[in-house]
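Chemist: Pasting model.pdb here (PDB, C-alpha atoms and all ligand atoms):
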ATOM      1  CA  MET A   1       3.515  26.112 -13.966  1.00  0.00           C
ATOM      2  CA  PRO A   2       5.639  24.457 -16.688  1.00  0.00           C
ATOM      3  CA  PRO A   3       8.255  22.184 -15.139  1.00  0.00           C
ATOM      4  CA  ASP A   4      11.908  22.946 -15.842  1.00  0.00           C
ATOM      5  CA  ALA A   5      14.029  20.516 -17.842  1.00  0.00           C
ATOM      6  CA  HIS A   6      15.509  18.829 -14.774  1.00  0.00           C
ATOM      7  CA  HIS A   7      12.431  18.492 -12.658  1.00  0.00           C
ATOM      8  CA  PRO A   8      11.213  14.877 -12.732  1.00  0.00           C
ATOM      9  CA  LEU A   9       7.659  14.844 -14.036  1.00  0.00           C
ATOM     10  CA  HIS A  10       4.830  13.701 -11.794  1.00  0.00           C
ATOM     11  CA  VAL A  11       1.840  12.257 -13.653  1.00  0.00           C
ATOM     12  CA  ALA A  12      -1.281  11.196 -11.720  1.00  0.00           C
ATOM     13  CA  CYS A  13      -3.995   9.004 -13.271  1.00  0.00           C
ATOM     14  CA  ILE A  14      -7.590   8.571 -12.173  1.00  0.00           C
ATOM     15  CA  MET A  15      -8.052   5.187 -13.826  1.00  0.00           C
ATOM     16  CA  ASP A  16     -11.790   5.386 -14.432  1.00  0.00           C
ATOM     17  CA  GLY A  17     -14.129   3.491 -16.765  1.00  0.00           C
ATOM     18  CA  ASN A  18     -13.261  -0.183 -16.320  1.00  0.00           C
ATOM     19  CA  GLY A  19     -16.905  -1.069 -15.697  1.00  0.00           C
ATOM     20  CA  ARG A  20     -18.181   0.821 -18.740  1.00  0.00           C
ATOM     21  CA  TRP A  21     -15.427  -0.685 -20.911  1.00  0.00           C
ATOM     22  CA  ALA A  22     -16.654  -4.153 -19.960  1.00  0.00           C
ATOM     23  CA  GLY A  23     -20.336  -3.228 -20.248  1.00  0.00           C
ATOM     24  CA  ARG A  24     -19.908  -2.080 -23.849  1.00  0.00           C
ATOM     25  CA  ARG A  25     -18.477  -5.503 -24.676  1.00  0.00           C
ATOM     26  CA  GLY A  26     -21.176  -7.438 -22.856  1.00  0.00           C
ATOM     27  CA  LEU A  27     -18.634  -8.565 -20.257  1.00  0.00           C
ATOM     28  CA  PRO A  28     -18.889  -8.504 -16.469  1.00  0.00           C
ATOM     29  CA  ARG A  29     -17.403  -5.434 -14.744  1.00  0.00           C
ATOM     30  CA  THR A  30     -14.731  -7.644 -13.207  1.00  0.00           C
ATOM     31  CA  ASP A  31     -13.286  -8.300 -16.696  1.00  0.00           C
ATOM     32  CA  GLY A  32     -12.901  -4.546 -17.091  1.00  0.00           C
ATOM     33  CA  HIS A  33     -10.896  -4.387 -13.874  1.00  0.00           C
ATOM     34  CA  THR A  34      -8.698  -7.280 -15.020  1.00  0.00           C
ATOM     35  CA  GLU A  35      -7.985  -5.485 -18.297  1.00  0.00           C
ATOM     36  CA  GLY A  36      -7.403  -2.230 -16.400  1.00  0.00           C
ATOM     37  CA  GLU A  37      -4.689  -3.859 -14.314  1.00  0.00           C
ATOM     38  CA  GLU A  38      -3.015  -5.213 -17.468  1.00  0.00           C
ATOM     39  CA  ASN A  39      -3.154  -1.760 -18.986  1.00  0.00           C
ATOM     40  CA  LEU A  40      -1.473  -0.245 -15.962  1.00  0.00           C
ATOM     41  CA  ALA A  41       1.396  -2.720 -16.380  1.00  0.00           C
ATOM     42  CA  ARG A  42       1.670  -1.632 -20.051  1.00  0.00           C
ATOM     43  CA  LEU A  43       1.518   2.056 -19.192  1.00  0.00           C
ATOM     44  CA  VAL A  44       4.253   1.750 -16.578  1.00  0.00           C
ATOM     45  CA  ARG A  45       6.601   0.623 -19.375  1.00  0.00           C
ATOM     46  CA  VAL A  46       5.636   3.594 -21.537  1.00  0.00           C
ATOM     47  CA  ALA A  47       6.028   6.002 -18.629  1.00  0.00           C
ATOM     48  CA  VAL A  48       9.548   4.693 -18.031  1.00  0.00           C
ATOM     49  CA  GLN A  49      10.369   5.245 -21.740  1.00  0.00           C
ATOM     50  CA  ARG A  50       9.066   8.812 -21.480  1.00  0.00           C
ATOM     51  CA  ASP A  51      11.364   9.466 -18.533  1.00  0.00           C
ATOM     52  CA  ILE A  52       8.514  10.243 -16.152  1.00  0.00           C
ATOM     53  CA  GLY A  53       9.875  10.440 -12.601  1.00  0.00           C
ATOM     54  CA  TRP A  54       6.685   9.811 -10.659  1.00  0.00           C
ATOM     55  CA  LEU A  55       3.551   7.982 -11.738  1.00  0.00           C
ATOM     56  CA  THR A  56       0.731   7.908  -9.194  1.00  0.00           C
ATOM     57  CA  VAL A  57      -2.454   5.964  -9.919  1.00  0.00           C
ATOM     58  CA  PHE A  58      -5.833   5.814  -8.206  1.00  0.00           C
ATOM     59  CA  GLY A  59      -6.571   2.110  -7.792  1.00  0.00           C
ATOM     60  CA  PHE A  60      -9.273   2.068  -5.134  1.00  0.00           C
ATOM     61  CA  SER A  61     -10.854   4.854  -3.120  1.00  0.00           C
ATOM     62  CA  THR A  62     -12.145   5.052   0.437  1.00  0.00           C
ATOM     63  CA  GLU A  63     -15.622   5.221  -1.151  1.00  0.00           C
ATOM     64  CA  ASN A  64     -15.146   2.154  -3.363  1.00  0.00           C
ATOM     65  CA  TRP A  65     -15.718  -0.258  -0.407  1.00  0.00           C
ATOM     66  CA  ARG A  66     -19.439   0.405  -0.949  1.00  0.00           C
ATOM     67  CA  ARG A  67     -19.375  -1.577  -4.203  1.00  0.00           C
ATOM     68  CA  PRO A  68     -20.807  -5.106  -4.347  1.00  0.00           C
ATOM     69  CA  ARG A  69     -18.744  -7.596  -2.346  1.00  0.00           C
ATOM     70  CA  PRO A  70     -17.741  -9.802  -5.323  1.00  0.00           C
ATOM     71  CA  GLU A  71     -16.481  -6.775  -7.266  1.00  0.00           C
ATOM     72  CA  VAL A  72     -14.469  -5.563  -4.271  1.00  0.00           C
ATOM     73  CA  ARG A  73     -13.012  -9.047  -3.786  1.00  0.00           C
ATOM     74  CA  HIS A  74     -11.964  -9.153  -7.449  1.00  0.00           C
ATOM     75  CA  ILE A  75     -10.300  -5.735  -7.223  1.00  0.00           C
ATOM     76  CA  LEU A  76      -8.464  -6.814  -4.057  1.00  0.00           C
ATOM     77  CA  GLY A  77      -7.086  -9.833  -5.920  1.00  0.00           C
ATOM     78  CA  LEU A  78      -5.921  -7.591  -8.745  1.00  0.00           C
ATOM     79  CA  HIS A  79      -3.997  -5.402  -6.328  1.00  0.00           C
ATOM     80  CA  GLU A  80      -2.339  -8.499  -4.904  1.00  0.00           C
ATOM     81  CA  LYS A  81      -1.360  -9.314  -8.509  1.00  0.00           C
ATOM     82  CA  LEU A  82      -0.186  -5.768  -9.227  1.00  0.00           C
ATOM     83  CA  PHE A  83       2.036  -5.620  -6.145  1.00  0.00           C
ATOM     84  CA  GLY A  84       3.289  -9.087  -7.091  1.00  0.00           C
ATOM     85  CA  ARG A  85       4.854  -7.790 -10.337  1.00  0.00           C
ATOM     86  CA  VAL A  86       8.187  -7.358  -8.609  1.00  0.00           C
ATOM     87  CA  ALA A  87      10.308  -9.019 -11.340  1.00  0.00           C
ATOM     88  CA  GLU A  88       8.867  -6.654 -13.973  1.00  0.00           C
ATOM     89  CA  LEU A  89       9.341  -3.625 -11.760  1.00  0.00           C
ATOM     90  CA  ASN A  90      12.929  -4.569 -11.015  1.00  0.00           C
ATOM     91  CA  GLU A  91      13.630  -5.100 -14.712  1.00  0.00           C
ATOM     92  CA  LEU A  92      12.330  -1.553 -15.308  1.00  0.00           C
ATOM     93  CA  ASN A  93      14.190  -0.121 -12.289  1.00  0.00           C
ATOM     94  CA  VAL A  94      10.834   1.052 -10.883  1.00  0.00           C
ATOM     95  CA  ARG A  95      10.308   1.548  -7.164  1.00  0.00           C
ATOM     96  CA  ILE A  96       6.748   0.903  -5.999  1.00  0.00           C
ATOM     97  CA  GLN A  97       5.040   2.717  -3.139  1.00  0.00           C
ATOM     98  CA  TRP A  98       1.552   2.696  -1.727  1.00  0.00           C
ATOM     99  CA  ILE A  99      -0.585   5.598  -0.552  1.00  0.00           C
ATOM    100  CA  GLY A 100      -3.727   5.180   1.515  1.00  0.00           C
ATOM    101  CA  ARG A 101      -5.207   5.033   4.995  1.00  0.00           C
ATOM    102  CA  PRO A 102      -2.581   3.577   7.342  1.00  0.00           C
ATOM    103  CA  PHE A 103      -3.291  -0.118   7.959  1.00  0.00           C
ATOM    104  CA  ASP A 104      -3.494   0.456  11.715  1.00  0.00           C
ATOM    105  CA  SER A 105      -6.007   3.311  11.508  1.00  0.00           C
ATOM    106  CA  ARG A 106      -9.522   2.687  12.794  1.00  0.00           C
ATOM    107  CA  GLU A 107     -11.240   3.069   9.407  1.00  0.00           C
ATOM    108  CA  ALA A 108      -8.733   1.089   7.292  1.00  0.00           C
ATOM    109  CA  ARG A 109     -10.190  -2.058   5.734  1.00  0.00           C
ATOM    110  CA  THR A 110      -7.390  -3.518   3.593  1.00  0.00           C
ATOM    111  CA  PRO A 111      -7.224  -7.277   4.270  1.00  0.00           C
ATOM    112  CA  LYS A 112      -4.028  -8.832   5.588  1.00  0.00           C
ATOM    113  CA  TYR A 113      -3.109 -10.670   2.370  1.00  0.00           C
ATOM    114  CA  VAL A 114      -3.149  -7.429   0.394  1.00  0.00           C
ATOM    115  CA  GLN A 115      -1.194  -5.656   3.134  1.00  0.00           C
ATOM    116  CA  ARG A 116       1.447  -8.382   2.894  1.00  0.00           C
ATOM    117  CA  ALA A 117       1.722  -8.069  -0.904  1.00  0.00           C
ATOM    118  CA  ILE A 118       2.073  -4.291  -0.576  1.00  0.00           C
ATOM    119  CA  ARG A 119       4.761  -4.480   2.116  1.00  0.00           C
ATOM    120  CA  LYS A 120       6.737  -7.108   0.211  1.00  0.00           C
ATOM    121  CA  ALA A 121       6.675  -5.195  -3.080  1.00  0.00           C
ATOM    122  CA  ILE A 122       7.841  -2.016  -1.373  1.00  0.00           C
ATOM    123  CA  VAL A 123      10.795  -3.800   0.247  1.00  0.00           C
ATOM    124  CA  ASP A 124      11.685  -5.802  -2.885  1.00  0.00           C
ATOM    125  CA  THR A 125      11.809  -2.717  -5.153  1.00  0.00           C
ATOM    126  CA  ALA A 126      13.199  -0.214  -2.626  1.00  0.00           C
ATOM    127  CA  GLU A 127      16.662  -0.106  -4.206  1.00  0.00           C
ATOM    128  CA  ASN A 128      15.390   0.835  -7.676  1.00  0.00           C
ATOM    129  CA  THR A 129      16.435   4.307  -8.744  1.00  0.00           C
ATOM    130  CA  GLY A 130      14.262   4.925 -11.824  1.00  0.00           C
ATOM    131  CA  MET A 131      10.599   5.887 -11.805  1.00  0.00           C
ATOM    132  CA  THR A 132       8.530   5.764  -8.622  1.00  0.00           C
ATOM    133  CA  LEU A 133       5.117   4.143  -9.108  1.00  0.00           C
ATOM    134  CA  THR A 134       2.730   5.042  -6.299  1.00  0.00           C
ATOM    135  CA  VAL A 135      -0.501   3.076  -6.087  1.00  0.00           C
ATOM    136  CA  ALA A 136      -3.376   4.668  -4.192  1.00  0.00           C
ATOM    137  CA  PHE A 137      -5.409   1.957  -2.502  1.00  0.00           C
ATOM    138  CA  ASP A 138      -7.998   2.680   0.205  1.00  0.00           C
ATOM    139  CA  TYR A 139      -7.058   6.267  -0.518  1.00  0.00           C
ATOM    140  CA  GLY A 140      -9.084   9.430  -0.079  1.00  0.00           C
ATOM    141  CA  GLY A 141      -7.718  12.947  -0.416  1.00  0.00           C
ATOM    142  CA  ARG A 142      -9.963  14.255   2.330  1.00  0.00           C
ATOM    143  CA  ALA A 143      -8.989  11.514   4.803  1.00  0.00           C
ATOM    144  CA  GLU A 144      -5.338  12.284   4.059  1.00  0.00           C
ATOM    145  CA  LEU A 145      -5.838  15.998   4.690  1.00  0.00           C
ATOM    146  CA  VAL A 146      -7.637  15.383   7.980  1.00  0.00           C
ATOM    147  CA  LYS A 147      -4.706  13.293   9.192  1.00  0.00           C
ATOM    148  CA  ALA A 148      -2.165  15.847   7.951  1.00  0.00           C
ATOM    149  CA  VAL A 149      -3.917  18.756   9.668  1.00  0.00           C
ATOM    150  CA  GLU A 150      -4.096  16.776  12.924  1.00  0.00           C
ATOM    151  CA  GLY A 151      -0.346  16.138  12.635  1.00  0.00           C
ATOM    152  CA  ALA A 152       0.394  19.764  11.767  1.00  0.00           C
ATOM    153  CA  ARG A 153      -1.583  20.994  14.764  1.00  0.00           C
ATOM    154  CA  SER A 154       0.678  19.063  17.127  1.00  0.00           C
ATOM    155  CA  THR A 155       3.830  20.869  15.911  1.00  0.00           C
ATOM    156  CA  ASP A 156       5.306  24.057  17.421  1.00  0.00           C
ATOM    157  CA  ALA A 157       4.739  25.913  14.154  1.00  0.00           C
ATOM    158  CA  GLY A 158       1.068  24.882  14.139  1.00  0.00           C
ATOM    159  CA  VAL A 159      -0.978  24.522  10.950  1.00  0.00           C
ATOM    160  CA  THR A 160       0.936  25.966   7.978  1.00  0.00           C
ATOM    161  CA  PRO A 161       1.333  24.793   4.364  1.00  0.00           C
ATOM    162  CA  GLU A 162       4.762  23.417   5.319  1.00  0.00           C
ATOM    163  CA  THR A 163       3.601  21.459   8.377  1.00  0.00           C
ATOM    164  CA  ILE A 164       0.623  20.072   6.463  1.00  0.00           C
ATOM    165  CA  SER A 165       2.958  18.918   3.648  1.00  0.00           C
ATOM    166  CA  GLN A 166       5.210  17.266   6.219  1.00  0.00           C
ATOM    167  CA  HIS A 167       2.286  15.251   7.624  1.00  0.00           C
ATOM    168  CA  MET A 168       0.814  13.917   4.402  1.00  0.00           C
ATOM    169  CA  TYR A 169       0.850  10.102   4.000  1.00  0.00           C
ATOM    170  CA  LEU A 170       3.956  10.355   1.769  1.00  0.00           C
ATOM    171  CA  PRO A 171       5.666  13.672   2.508  1.00  0.00           C
ATOM    172  CA  ASP A 172       8.215  13.060  -0.273  1.00  0.00           C
ATOM    173  CA  LEU A 173       5.594  12.769  -3.018  1.00  0.00           C
ATOM    174  CA  PRO A 174       6.289  15.837  -5.198  1.00  0.00           C
ATOM    175  CA  PRO A 175       3.610  18.191  -6.557  1.00  0.00           C
ATOM    176  CA  VAL A 176       1.625  16.729  -9.456  1.00  0.00           C
ATOM    177  CA  ASP A 177       2.314  18.214 -12.903  1.00  0.00           C
ATOM    178  CA  VAL A 178      -0.603  16.670 -14.759  1.00  0.00           C
ATOM    179  CA  VAL A 179      -3.720  14.782 -13.689  1.00  0.00           C
ATOM    180  CA  ILE A 180      -5.300  12.430 -16.228  1.00  0.00           C
ATOM    181  CA  ARG A 181      -8.914  11.334 -15.825  1.00  0.00           C
ATOM    182  CA  THR A 182     -10.149   8.692 -18.231  1.00  0.00           C
ATOM    183  CA  SER A 183     -13.659   7.714 -19.322  1.00  0.00           C
ATOM    184  CA  GLY A 184     -15.402  10.993 -19.867  1.00  0.00           C
ATOM    185  CA  GLU A 185     -16.272  12.413 -16.466  1.00  0.00           C
ATOM    186  CA  ARG A 186     -14.926  15.934 -16.273  1.00  0.00           C
ATOM    187  CA  ARG A 187     -14.568  16.375 -12.585  1.00  0.00           C
ATOM    188  CA  VAL A 188     -12.002  16.057  -9.847  1.00  0.00           C
ATOM    189  CA  SER A 189     -12.140  12.875  -7.811  1.00  0.00           C
ATOM    190  CA  ASN A 190     -11.111  12.533  -4.138  1.00  0.00           C
ATOM    191  CA  PHE A 191      -7.514  12.183  -5.350  1.00  0.00           C
ATOM    192  CA  LEU A 192      -4.350  14.018  -4.268  1.00  0.00           C
ATOM    193  CA  LEU A 193      -6.333  17.147  -3.433  1.00  0.00           C
ATOM    194  CA  TRP A 194      -3.335  18.844  -1.814  1.00  0.00           C
ATOM    195  CA  GLN A 195      -0.566  17.595  -4.119  1.00  0.00           C
ATOM    196  CA  ALA A 196      -2.427  18.409  -7.343  1.00  0.00           C
ATOM    197  CA  ALA A 197      -2.926  22.125  -6.641  1.00  0.00           C
ATOM    198  CA  GLY A 198      -1.941  23.908  -9.847  1.00  0.00           C
ATOM    199  CA  ALA A 199      -1.679  20.737 -11.973  1.00  0.00           C
ATOM    200  CA  ALA A 200      -2.758  20.612 -15.611  1.00  0.00           C
ATOM    201  CA  ILE A 201      -5.726  18.293 -16.239  1.00  0.00           C
ATOM    202  CA  HIS A 202      -6.178  15.979 -19.207  1.00  0.00           C
ATOM    203  CA  PHE A 203      -9.726  14.657 -19.538  1.00  0.00           C
ATOM    204  CA  THR A 204     -10.375  11.963 -22.100  1.00  0.00           C
ATOM    205  CA  ASP A 205     -13.367   9.881 -23.144  1.00  0.00           C
ATOM    206  CA  THR A 206     -11.135   6.826 -23.551  1.00  0.00           C
ATOM    207  CA  ALA A 207     -11.827   4.204 -20.888  1.00  0.00           C
ATOM    208  CA  TRP A 208      -8.863   3.208 -18.727  1.00  0.00           C
ATOM    209  CA  PRO A 209      -8.262  -0.225 -20.337  1.00  0.00           C
ATOM    210  CA  ASP A 210      -7.775   1.534 -23.723  1.00  0.00           C
ATOM    211  CA  PHE A 211      -5.625   4.428 -22.475  1.00  0.00           C
ATOM    212  CA  GLY A 212      -2.281   4.113 -24.238  1.00  0.00           C
ATOM    213  CA  GLU A 213       0.887   5.887 -25.232  1.00  0.00           C
ATOM    214  CA  THR A 214      -0.598   8.310 -27.771  1.00  0.00           C
ATOM    215  CA  GLU A 215      -2.933   9.673 -25.145  1.00  0.00           C
ATOM    216  CA  LEU A 216      -0.214   9.821 -22.533  1.00  0.00           C
ATOM    217  CA  ASP A 217       1.769  11.968 -24.961  1.00  0.00           C
ATOM    218  CA  GLU A 218      -1.252  14.256 -25.416  1.00  0.00           C
ATOM    219  CA  ALA A 219      -1.419  14.742 -21.655  1.00  0.00           C
ATOM    220  CA  LEU A 220       2.320  15.445 -21.481  1.00  0.00           C
ATOM    221  CA  ALA A 221       1.998  17.978 -24.319  1.00  0.00           C
ATOM    222  CA  LEU A 222      -0.143  20.129 -21.982  1.00  0.00           C
ATOM    223  CA  LEU A 223       3.056  20.815 -20.079  1.00  0.00           C
ATOM    224  CA  ASP A 224       4.876  22.276 -23.092  1.00  0.00           C
ATOM    225  CA  ALA A 225       2.167  24.826 -23.773  1.00  0.00           C
TER     226      ALA A 225
HETATM  227  C1  LIG A 301     -12.371   2.406 -12.225  1.00  0.00           C
HETATM  228  O1  LIG A 301     -13.370   1.906 -13.026  1.00  0.00           O
HETATM  229  C2  LIG A 301     -11.859   1.393 -11.239  1.00  0.00           C
HETATM  230  C3  LIG A 301     -12.277   1.632  -9.840  1.00  0.00           C
HETATM  231  C4  LIG A 301     -12.915   2.659  -9.413  1.00  0.00           C
HETATM  232  C5  LIG A 301     -11.904   0.602  -8.872  1.00  0.00           C
HETATM  233  P1  LIG A 301     -14.889   1.886 -12.560  1.00  0.00           P
HETATM  234  O2  LIG A 301     -15.152   0.577 -11.880  1.00  0.00           O
HETATM  235  O3  LIG A 301     -15.202   3.084 -11.748  1.00  0.00           O
HETATM  236  O4  LIG A 301     -15.637   1.900 -13.948  1.00  0.00           O
HETATM  237  P2  LIG A 301     -16.930   2.744 -14.319  1.00  0.00           P
HETATM  238  O5  LIG A 301     -16.662   4.157 -13.951  1.00  0.00           O
HETATM  239  O6  LIG A 301     -18.066   2.170 -13.544  1.00  0.00           O
HETATM  240  O7  LIG A 301     -17.060   2.546 -15.785  1.00  0.00           O
HETATM  241  C1  LIG A 302     -12.367   7.096  -9.172  1.00  0.00           C
HETATM  242  O1  LIG A 302     -13.298   6.338  -9.770  1.00  0.00           O
HETATM  243  C2  LIG A 302     -11.616   6.220  -8.243  1.00  0.00           C
HETATM  244  C3  LIG A 302     -10.674   5.315  -8.870  1.00  0.00           C
HETATM  245  C4  LIG A 302     -10.297   5.376 -10.111  1.00  0.00           C
HETATM  246  C5  LIG A 302     -10.140   4.295  -8.006  1.00  0.00           C
HETATM  247  P1  LIG A 302     -14.800   6.280  -9.263  1.00  0.00           P
HETATM  248  O2  LIG A 302     -15.553   5.583 -10.326  1.00  0.00           O
HETATM  249  O3  LIG A 302     -14.853   5.723  -7.896  1.00  0.00           O
HETATM  250  O4  LIG A 302     -15.162   7.813  -9.332  1.00  0.00           O
HETATM  251  P2  LIG A 302     -15.557   8.980  -8.369  1.00  0.00           P
HETATM  252  O5  LIG A 302     -15.261   8.561  -6.970  1.00  0.00           O
HETATM  253  O6  LIG A 302     -16.971   9.170  -8.674  1.00  0.00           O
HETATM  254  O7  LIG A 302     -14.743  10.149  -8.778  1.00  0.00           O
HETATM  255 MG    MG A 303     -15.952   4.951 -12.202  1.00  0.00          MG
END
Render the structure in this file as structure tokens.
Ligand code: IPE
Ligand code: IPE
Ligand code: MG
Modeler:
Amino acid sequence: MPPDAHHPLHVACIMDGNGRWAGRRGLPRTDGHTEGEENLARLVRVAVQRDIGWLTVFGFSTENWRRPRPEVRHILGLHEKLFGRVAELNELNVRIQWIGRPFDSREARTPKYVQRAIRKAIVDTAENTGMTLTVAFDYGGRAELVKAVEGARSTDAGVTPETISQHMYLPDLPPVDVVIRTSGERRVSNFLLWQAAGAAIHFTDTAWPDFGETELDEALALLDA
């Protein structure tokens, strides 16, 4: 469904391929994640220039905890850094949000220091009125749907598309217009399964650390077709 001229665009990125990017350069996977975080900071600037209303990125999945401990620790540190970019976000008038398993849920594993960085960034950018950047961390589309259906069941109306939407982690997150998946795998991840119904998909072989403005424009061009 092509968006109308006034509908703020929602772009969702599955930021895949950091490990392969590093491997091709003979670097440790952790260097790929470091470069991936830098690239996200660059892409946020471009997205603001393109007047994108909502940018949602998959930073770490509910399945990614199975990775080797040192890699997970490195990625946690990078999210602390990302949510610490408050001055940059304020300069760009970007509001940051987080989507993932609630910190108080039984399965959630996000350590306290990352929780603190997330909470602080949300508060410190809450007044910004430009783009909304939503970072998915400890996120899984299936876990979100399970929670939403449980919530919907407890309403008078019961389980309907509307009550499910109202019980998603972030009920105000609009439908996704285009999903981008980097680094060559042409399949859906466990990402925004409900919100991305009907979205266009841009697959690219480019690894996430190399994904730049030209490719973002290619993905956006899918919406003009
Ligand atoms: C994406 O890059 C980042 C995360 C999933 C945290 P990968 O680490 O999955 O990189 P590849 O897919 O192994 O190249
Ligand atoms: C997708 O990357 C998750 C993130 C980008 C955080 P993975 O490398 O974990 O890919 P899947 O789970 O196989 O789709
Ligand atoms: Mg991967």
Chemist: Name the closest residue to ligand LIG 302 (chain A) among the candidates A:Ala207, A:Leu170, A:Ala196, A:Leu222; distances are taken between atoms, counting all atoms listed in the file.
Modeler: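 Smallest distance to ligand LIG 302 (chain A) is found for A:Ala207.
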Chemist: Specify as a PyMOL selection string each residue included when the PyMOL selection byres (((not hetatm)) within 6 of (chain A and resi 302)) is applied to this file.
Modeler: chain A and resi 14-16+58-61+64+189
Chemist: Just checking: using only C-alpha atoms, which residue out of A:Val86, A:Cys13, A:Met131, A:Ile99 ends up closest to Val188 (chain A)?
Modeler: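 Closest residue, counting only C-alpha atoms: A:Cys13.
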Chemist: Could you put an axis-aligned box around every listed atom of ligand LIG 301 (chain A), padded by 6 Å on each side, and send me its centre and edge lengths in Å to one decimal, as AutoDock Vina command-line options?
Modeler:
--center_x -15.0 --center_y 2.4 --center_z -12.3 --size_x 18.2 --size_y 15.6 --size_z 18.9
Chemist: Give the answer as one residue: which of A:Glu144, A:Glu80, A:Asp138, A:Asp156 has the shortest atom-to-atom distance to ligand LIG 301 (chain A), using only C-alpha atoms and all ligand atoms?
Modeler: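 Distance minimum relative to ligand LIG 301 (chain A) lands on A:Asp138.
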Chemist: Which residues are near ligand LIG 301 (chain A) in this structure, taking near to mean any atom at most 10 Å from a ligand atom and counting only C-alpha atoms and all ligand atoms? Format them as JSON, numbers by chain.
Modeler: {"A": [14, 15, 16, 17, 18, 19, 20, 21, 22, 23, 24, 29, 30, 32, 33, 34, 36, 37, 58, 59, 60, 61, 63, 64, 65, 67, 71, 72, 74, 75, 76, 137, 182, 183, 184, 185, 207, 208, 209]}
Chemist: Please, could you write that set of residues out with C-alpha atoms as a PDB file, keeping the file's coordinate frame?
Modeler:
ATOM      1  CA  ILE A  14      -7.590   8.571 -12.173  1.00  0.00           C
ATOM      2  CA  MET A  15      -8.052   5.187 -13.826  1.00  0.00           C
ATOM      3  CA  ASP A  16     -11.790   5.386 -14.432  1.00  0.00           C
ATOM      4  CA  GLY A  17     -14.129   3.491 -16.765  1.00  0.00           C
ATOM      5  CA  ASN A  18     -13.261  -0.183 -16.320  1.00  0.00           C
ATOM      6  CA  GLY A  19     -16.905  -1.069 -15.697  1.00  0.00           C
ATOM      7  CA  ARG A  20     -18.181   0.821 -18.740  1.00  0.00           C
ATOM      8  CA  TRP A  21     -15.427  -0.685 -20.911  1.00  0.00           C
ATOM      9  CA  ALA A  22     -16.654  -4.153 -19.960  1.00  0.00           C
ATOM     10  CA  GLY A  23     -20.336  -3.228 -20.248  1.00  0.00           C
ATOM     11  CA  ARG A  24     -19.908  -2.080 -23.849  1.00  0.00           C
ATOM     12  CA  ARG A  29     -17.403  -5.434 -14.744  1.00  0.00           C
ATOM     13  CA  THR A  30     -14.731  -7.644 -13.207  1.00  0.00           C
ATOM     14  CA  GLY A  32     -12.901  -4.546 -17.091  1.00  0.00           C
ATOM     15  CA  HIS A  33     -10.896  -4.387 -13.874  1.00  0.00           C
ATOM     16  CA  THR A  34      -8.698  -7.280 -15.020  1.00  0.00           C
ATOM     17  CA  GLY A  36      -7.403  -2.230 -16.400  1.00  0.00           C
ATOM     18  CA  GLU A  37      -4.689  -3.859 -14.314  1.00  0.00           C
ATOM     19  CA  PHE A  58      -5.833   5.814  -8.206  1.00  0.00           C
ATOM     20  CA  GLY A  59      -6.571   2.110  -7.792  1.00  0.00           C
ATOM     21  CA  PHE A  60      -9.273   2.068  -5.134  1.00  0.00           C
ATOM     22  CA  SER A  61     -10.854   4.854  -3.120  1.00  0.00           C
ATOM     23  CA  GLU A  63     -15.622   5.221  -1.151  1.00  0.00           C
ATOM     24  CA  ASN A  64     -15.146   2.154  -3.363  1.00  0.00           C
ATOM     25  CA  TRP A  65     -15.718  -0.258  -0.407  1.00  0.00           C
ATOM     26  CA  ARG A  67     -19.375  -1.577  -4.203  1.00  0.00           C
ATOM     27  CA  GLU A  71     -16.481  -6.775  -7.266  1.00  0.00           C
ATOM     28  CA  VAL A  72     -14.469  -5.563  -4.271  1.00  0.00           C
ATOM     29  CA  HIS A  74     -11.964  -9.153  -7.449  1.00  0.00           C
ATOM     30  CA  ILE A  75     -10.300  -5.735  -7.223  1.00  0.00           C
ATOM     31  CA  LEU A  76      -8.464  -6.814  -4.057  1.00  0.00           C
ATOM     32  CA  PHE A 137      -5.409   1.957  -2.502  1.00  0.00           C
ATOM     33  CA  THR A 182     -10.149   8.692 -18.231  1.00  0.00           C
ATOM     34  CA  SER A 183     -13.659   7.714 -19.322  1.00  0.00           C
ATOM     35  CA  GLY A 184     -15.402  10.993 -19.867  1.00  0.00           C
ATOM     36  CA  GLU A 185     -16.272  12.413 -16.466  1.00  0.00           C
ATOM     37  CA  ALA A 207     -11.827   4.204 -20.888  1.00  0.00           C
ATOM     38  CA  TRP A 208      -8.863   3.208 -18.727  1.00  0.00           C
ATOM     39  CA  PRO A 209      -8.262  -0.225 -20.337  1.00  0.00           C
TER      40      PRO A 209
END
Chemist: So, with all atoms listed in the file as the atoms that count, which of A:Trp54, A:Trp98, A:Phe203, A:Tyr139 lies closest to Glu218 (chain A)?
Modeler: A:Phe203
Chemist: So how many Å separate CA of Ala143 (chain A) and CA of Arg101 (chain A), to one decimal?
Modeler: 7.5 Å
